[in-house]
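Undergrad: This is the structure I have questions about; it appears just below.
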Amino acid sequence: MARPADIEYKGTQLLVVRAFVFLSLAFGLRYLQWRWMNSLNMAQWWVSVPLVVAETYAMIDGFLFGMTVWRSGHRRKVEPLARPATVDVLITTYNEPIDLVMETARAALRIKYPHATYILDDGARDELAELAQLEGVGYITRSEEWVDRPLHAKAGNLNNALMVTSGEFLLILDSDQVPDENILDKTLGYFADDKVALVQTPQHFWNVTRSDPLGTQATLFYGPIMRGKDGWNSAFFCGSNAVLRREALMQLALTGYVHDVAAVLKSNLRGARRVLARARHQAPDSASIDTSLAQIDEAIEEVRSATRRGVSLAEATLQFQRRVNLISREAIHRDLQEIRRDLEEIGDDSGVADALMRLGPDDAVVDELAQLEASPLGSLSALMEMVASLDVNRAHESQPLMPLAIISITEDMATAMRLHALGWKSVYHDEILANGLAPEDLGSALQQRLRWAQGTLQVMLRENPLAKRGLSFAQRLMYFATMWNYLSGFATLIFAATPMAYLLFDVRPVHAYSVTFLSHLVPYLLFNQLMFVVVSRKIPTWRGQQYSFALFPLWIRATFTTVANVYFDRQLSFIVTPKSRARTSRAQMLKVVWPQLVTISLLVLSTIVGVIKLLAHAAPSVEGVWLNVVWVALDVLLISVVIQAAGYRGFEVAAP
Amino acid sequence: MTSFATETIGTTLVVRPLGRLDLVSAPQLRDIIASSVANGIVGVVVDLHGVDFMDSSGLGAMINGLKATRQAGGNLRIARPAQQALVVLDLTMMQQILHPYASVEEAIAAP
């Protein structure tokens with residue numbers, strides 16, 4: 001893939017990064033090759049194999065990281081857009097405090113470039129509506145089409161607003177992200193390239209101290225990683241502080257609509273026979289219903305043959321729906337005539353029989369009954385559902401067009417991936433142009449991470465980038481890198497359990513904890529850490545490394561719940577991150593961090609046992625014990641961040 | 001500036017946008033179709049002959065109209081797209097769903 005012409009890969013800095021990426025990967029491969037070929041202690045394969053698999057996982061993760069930062073350049077300053085453009089600023093909110101939303105809205109009004117500002121209130125709060133009107137901000141809530149249909153959270157909120165606004169570009173802001181007045185002037189210029197669909201800027205949180213106890217300031221991500229992804233034309237939408245091109249989103253909505261309608265129709269036509277057979281089985285014994293079912297069977301066959309002949313889906317399904325409507329009326333008419341005959345037989349003279357006699361299948365009464373689904377077929381709900389689905393109006397959704405992807409609770413990444421697959425480009429503009437609020441207690445910080453992990457894994461399972469048509473090879477790997485990263489919980493569990501197994505039970509994953517072992521491992525670890533140092537330079541990354549390790553129970557939970565959601569249709573709760581300070585009690589904290597507490601306790605316990613064995617000359621090898629003690633210390637150092645964070649009580653503004 | 005001419009032929013509303021059917025004029029088309037459906041005229045034909053430029057929002061307004069009319073027991077058809085509009089239909093693979101009729105009469109008369 002050609003690299004974007006407008007990105008500079010400046011001199012020595014990037015050269016040094018690449019050198020360390022290369023060295024780290026080279027030593028990594030050397031280590032891993034030795035591990036697989038020469039070191040495995042197969043007598044205790046049940047520890048050796050999991051460990052070497054976990055190490056391979058980490059190596060792949062390292063490779064993907066290295067590939068990302070390989071192109072971590074800097075964008076050249078962009079010229080302002082030469083032509084005038086219309087822009088909508090969309091502020092999404094659900095339940096955040098009204099003051100907070102209004103502060104963002106006021107800042108949005110102050111953006112210099114001409115634009116229209118809207119608050120998208122999924123909470124439909126009257127007070128917010130009034131304030132918005134008072135201060136001249138547009139106010140949008142869901143249209144009535146959304147009643148009793150899936151709401152799709154933030155994606156639904158934006159999709160709803162896209163249908164009633166018309167700006168050429170959309171600046172999307174979370175309700176806590178206060179924008180800089182120059183945000184549009186600095187980002188719109190990139191859209192001079194007609195293929196650019198998205199310009200993402202960093203998410204920065206002002207309420208985070210330098211030590212960042214909750215690890216919410218994603219400096220590595222909104223730095224070398226996003227710049228690297230940008231180098232591979234894979235920078236993705238992160239939900240806020242981004243400008244999007246309406247045309248690209250609408251094109252996505254249209255192709256998505258065509259794809260979905262065709263796919264649903266195809267699968268329903270395939271399953272139609274089964275549904276009909278079951279309906280025949282369930283239906284009461286009646287010649288009339290048998291007739292109707294046979295007619296529906298024929299009608300479905302006609303749709304099949306029409307689509308094979310290349311008749312458009314709107315036309316084929318129109319004929320089908322009309323035919324089913326007729327079949328349904330005829331069934332009602334037959335029923336009514338049956339009632340008439342019964343009445344005549346018992347000699348009823350109320351005149352009802354005469355009235356029924358005069359009813360034809362086209363009569364308004366019959367029509368009304370058919371509308372009410374009062375036809376005898378109405379009770380066969382699975383059948384009626386299947387019949388209704390053979391249409392082009394996406395009846396189960398509020399609106400046919402869904403510009404933002406609804407396959408995941410992280411709609412942003414899924415949407416960007418689809419844009420890239422359609423051939424659109426994205427830009428990462430690495431300059432803080434909005435300031436937001438990070439969660440202020442561990443509970444909500446973890447909730448946020450869980451949601452990101454679940455959403456990302458949903459995309460991986462539903463639309464795997466490795467198999468996604470339209471993406472370049474590098475783009476596939478860039479999206480996959482983010483997903484792969486969230487699988488780390490299992491590897492971490494193994495990295496914590498292996499030294500315990502040695503110290504407690506003398507179980508070894510390698511033949512020997514020897515000099516050979518160290519001569520392979522140490523250069524790899526050393527250069528891997530050095531790579532991090534040169535990549536991040538002044539950016540603190542230790543906190544991020546700690547959290548990505550320490551949150552292993554959360555990552556594992558995310559994996560299981562997402563698999564249950566995607567394959568077994570279990571509910572994934574969508575929890576909006578609380579933006580105001582939530583005081584969390586000690587007991588609640590314990591509930592959140594108990595897996596880490598248990599792990600640390602076990603690690604400490606195994607160290608004590610190991611050292612006692614050493615002193616009693618019962619240890620298998622002195623080097624082995626010391627090496628594993630160092631390993632345990634590292635594990636504890638990484639995991640302990642969560643315990644410290646549990647006591648964090650939020651950001652305090654320093655007294656002047 | 002895009003203008004919309006409308007004409008009721010039999011039980012069908014024929015809408016004729018003139019100029020650009022894009023993100024600026026799409027909401028207008030959407031409103032025209034919505035009020036037609038509200039008034040009980042659920043058969044709509046959009047005559048694209050006078051459209052010299054159509055974008056995804058313009059096509060989107062027609063898909064919204066297709067859903068609105070179909071849910072009310074009617075239908076929406078399109079007729080006489082120019083070359084540029086055909087490109088948009090192809091790009092989004094919309095021809096799988098919507099058949100562009102060669103004339104308004106055909107679109108009205110089709111079963």
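Each chain in the structure tokens gets a letter, A, B, ..., in the order shown, and its residues are numbered from 1; ligands are numbered from 1 in order too.
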Extract, using only C-alpha atoms, all DNA, RNA and protein residues at most 10 Å from Thr492 (chain A), discarding same-chain residues fewer than 2 positions from it, and format them as a PyMOL selection string.

TA: chain A and resi 51+54-55+58+487-490+494-497+548-553+555-556+635

Undergrad: Using only C-alpha atoms, please write the residues we just selected to a file, as a compact mmCIF listing (two decimals), in the first residue's frame.

TA:
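This is the output file part.txt:
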```txt
# COMPACT_ATOMS: atom_id res chain seq x y z
CA LEU A 51 2.83 -20.83 28.63
CA ALA A 54 0.58 -17.30 25.86
CA GLU A 55 4.08 -16.17 24.87
CA ALA A 58 2.17 -11.79 23.30
CA LEU A 487 -7.85 -11.18 24.28
CA SER A 488 -4.86 -10.67 26.58
CA GLY A 489 -6.68 -11.72 29.78
CA PHE A 490 -6.06 -15.41 29.17
CA ILE A 494 -1.07 -17.96 32.49
CA PHE A 495 1.74 -15.48 33.16
CA ALA A 496 0.53 -15.22 36.76
CA ALA A 497 -0.12 -18.93 37.29
CA SER A 548 -3.65 -3.79 30.39
CA PHE A 549 -2.06 -6.54 32.56
CA ALA A 550 -3.95 -5.96 35.80
CA LEU A 551 -7.40 -5.90 34.26
CA PHE A 552 -7.13 -9.49 33.05
CA PRO A 553 -10.33 -10.57 34.89
CA TRP A 555 -10.81 -8.85 29.64
CA ILE A 556 -11.72 -12.47 30.30
CA ASP A 635 3.33 -9.65 38.30
```

Undergrad: Chain B residues within 12 Å of chain A, counting only C-alpha atoms: which ones, as a ChimeraX atom specification?

TA: /B:22-28,30-31,54-78,88-101,107,110-111

Undergrad: Give me the residues near Met1 (chain B) as a PyMOL selection string, where near means some atom within 10 Å (using only C-alpha atoms) and where sequence neighbours in that chain fewer than 2 positions away do not count.

TA: chain B and resi 3+18-21+24-25

Undergrad: Kindly save the residues from that selection, with N, CA and C atoms included, as a PDB file, in the first residue's frame.

TA:
```
ATOM      1  N   SER B   3     -36.240  22.765  -7.091  1.00  0.00           N
ATOM      2  CA  SER B   3     -37.689  22.910  -6.933  1.00  0.00           C
ATOM      3  C   SER B   3     -38.341  21.547  -7.130  1.00  0.00           C
ATOM      4  N   LEU B  18     -36.376  19.207  -9.583  1.00  0.00           N
ATOM      5  CA  LEU B  18     -35.684  19.893 -10.677  1.00  0.00           C
ATOM      6  C   LEU B  18     -34.411  20.501 -10.109  1.00  0.00           C
ATOM      7  N   GLY B  19     -33.267  20.044 -10.607  1.00  0.00           N
ATOM      8  CA  GLY B  19     -31.987  20.543 -10.098  1.00  0.00           C
ATOM      9  C   GLY B  19     -31.257  19.457  -9.326  1.00  0.00           C
ATOM     10  N   ARG B  20     -30.699  19.840  -8.178  1.00  0.00           N
ATOM     11  CA  ARG B  20     -29.897  18.887  -7.402  1.00  0.00           C
ATOM     12  C   ARG B  20     -30.752  18.193  -6.346  1.00  0.00           C
ATOM     13  N   LEU B  21     -30.678  16.864  -6.355  1.00  0.00           N
ATOM     14  CA  LEU B  21     -31.340  16.105  -5.287  1.00  0.00           C
ATOM     15  C   LEU B  21     -30.231  15.653  -4.341  1.00  0.00           C
ATOM     16  N   VAL B  24     -29.028  18.974   0.658  1.00  0.00           N
ATOM     17  CA  VAL B  24     -29.782  20.197   0.935  1.00  0.00           C
ATOM     18  C   VAL B  24     -31.274  19.991   0.648  1.00  0.00           C
ATOM     19  N   SER B  25     -31.582  19.344  -0.478  1.00  0.00           N
ATOM     20  CA  SER B  25     -32.987  19.236  -0.878  1.00  0.00           C
ATOM     21  C   SER B  25     -33.646  17.935  -0.418  1.00  0.00           C
TER      22      SER B  25
END
```

Undergrad: Identify, on the basis of only C-alpha atoms, every residue whose closest approach to Leu446 (chain A) does not exceed 12 Å; exclude the query and any residue fewer than 6 positions from it along the same chain; express the result as a ChimeraX atom specification.

TA: /A:214-216,438-440,452-453,547-548,550-555,557-558,575-578,589,592-593,642,645-646

Undergrad: Run DSSP on the backbone of this structure and report the residues of region 9-137 of chain A it assigns to strand (DSSP E or B), as a list in words.

TA: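 Taking region 9-137 of chain A and keeping strand (DSSP E or B) only, one gets Leu40, His74, Arg75, Val87, Asp88, Val89, Leu90, Ile91, Thr92, Thr93, Ala116, Thr117, Tyr118, Ile119, Leu120 and Asp121 of chain A.
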
Undergrad: I need the residues from that last selection saved to file as a tab-separated table (two decimals), in the first residue's frame (with C-alpha atoms), if you can.

TA:
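Listing of part.tsv after writing:
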```tsv
chain	number	residue	atom	x	y	z
A	40	LEU	CA	9.53	-27.29	26.13
A	74	HIS	CA	3.38	13.42	11.71
A	75	ARG	CA	0.84	15.06	9.40
A	87	VAL	CA	-21.35	21.81	9.30
A	88	ASP	CA	-23.58	20.37	12.01
A	89	VAL	CA	-22.15	20.05	15.51
A	90	LEU	CA	-23.93	17.13	17.19
A	91	ILE	CA	-23.70	16.76	20.97
A	92	THR	CA	-24.89	13.35	22.15
A	93	THR	CA	-26.30	12.94	25.62
A	116	ALA	CA	-25.34	24.71	13.34
A	117	THR	CA	-25.30	23.23	16.85
A	118	TYR	CA	-27.65	20.49	18.06
A	119	ILE	CA	-28.10	18.63	21.32
A	120	LEU	CA	-29.17	15.04	20.70
A	121	ASP	CA	-30.98	14.19	23.91
```

Undergrad: Could you name the residues that touch Lys425 (chain A) at 12 Å or less, counting only C-alpha atoms, but leaving out those on the same chain fewer than 4 positions away, as a PyMOL selection string?

TA: chain A and resi 3-4+190-200+229-237+244-245+248+416-421+471-472+475

Undergrad: Run DSSP on the backbone and give me the residues of region 267-429 of chain A it puts in helix (DSSP H, G or I), as a ChimeraX atom specification.

TA: /A:267-282,287-308,313-345,352-358,364-371,376-379,381-389,411-421

Undergrad: Any idea what's packed within 12 Å of Glu127 (chain A), counting only C-alpha atoms, ignoring anything in its chain fewer than 3 positions away? Could you give it as a PyMOL selection string?

TA: chain A and resi 97-99+101-102+121+123-124+130-134+139

Undergrad: CA of Thr410 (chain A) and CA of Thr456 (chain A), how far apart in Å?

TA: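 Separation of CA of Thr456 (chain A) and CA of Thr410 (chain A): 6.4 Å.
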
Undergrad: Please provide the set of residues having any atom within 12 Å of Leu504 (chain A), restricted to only C-alpha atoms, with same-chain residues fewer than 4 positions apart removed, written as a ChimeraX atom specification.

TA: /A:497-500,508,602-614,618-620,625,628-629

Undergrad: For the selection you just gave me, I'd like the residues written to a file as a PDB file, in the first residue's frame, keeping C-alpha atoms.

TA:
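Final output, result.pdb:
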```pdb
ATOM      1  CA  ALA A 497      -0.123 -18.929  37.294  1.00  0.00           C
ATOM      2  CA  THR A 498       3.128 -20.338  35.885  1.00  0.00           C
ATOM      3  CA  PRO A 499       5.512 -19.020  38.565  1.00  0.00           C
ATOM      4  CA  MET A 500       3.045 -20.136  41.240  1.00  0.00           C
ATOM      5  CA  ARG A 508       8.506 -26.354  35.175  1.00  0.00           C
ATOM      6  CA  LEU A 602      -1.548 -16.365  45.887  1.00  0.00           C
ATOM      7  CA  LEU A 603       1.564 -14.835  44.312  1.00  0.00           C
ATOM      8  CA  VAL A 604       2.842 -13.680  47.705  1.00  0.00           C
ATOM      9  CA  LEU A 605       2.008 -17.016  49.298  1.00  0.00           C
ATOM     10  CA  SER A 606       3.891 -18.945  46.612  1.00  0.00           C
ATOM     11  CA  THR A 607       6.913 -16.675  47.061  1.00  0.00           C
ATOM     12  CA  ILE A 608       6.973 -17.411  50.778  1.00  0.00           C
ATOM     13  CA  VAL A 609       6.672 -21.147  50.144  1.00  0.00           C
ATOM     14  CA  GLY A 610       9.397 -20.959  47.488  1.00  0.00           C
ATOM     15  CA  VAL A 611      11.821 -19.112  49.750  1.00  0.00           C
ATOM     16  CA  ILE A 612      11.147 -21.477  52.660  1.00  0.00           C
ATOM     17  CA  LYS A 613      11.878 -24.434  50.377  1.00  0.00           C
ATOM     18  CA  LEU A 614      15.074 -22.748  49.289  1.00  0.00           C
ATOM     19  CA  ALA A 618      14.183 -28.507  49.249  1.00  0.00           C
ATOM     20  CA  ALA A 619      14.010 -26.300  46.160  1.00  0.00           C
ATOM     21  CA  PRO A 620      14.608 -27.919  42.746  1.00  0.00           C
ATOM     22  CA  VAL A 625      13.499 -19.954  42.615  1.00  0.00           C
ATOM     23  CA  ASN A 628      10.444 -17.057  39.598  1.00  0.00           C
ATOM     24  CA  VAL A 629      10.534 -14.679  42.558  1.00  0.00           C
TER      25      VAL A 629
END
```
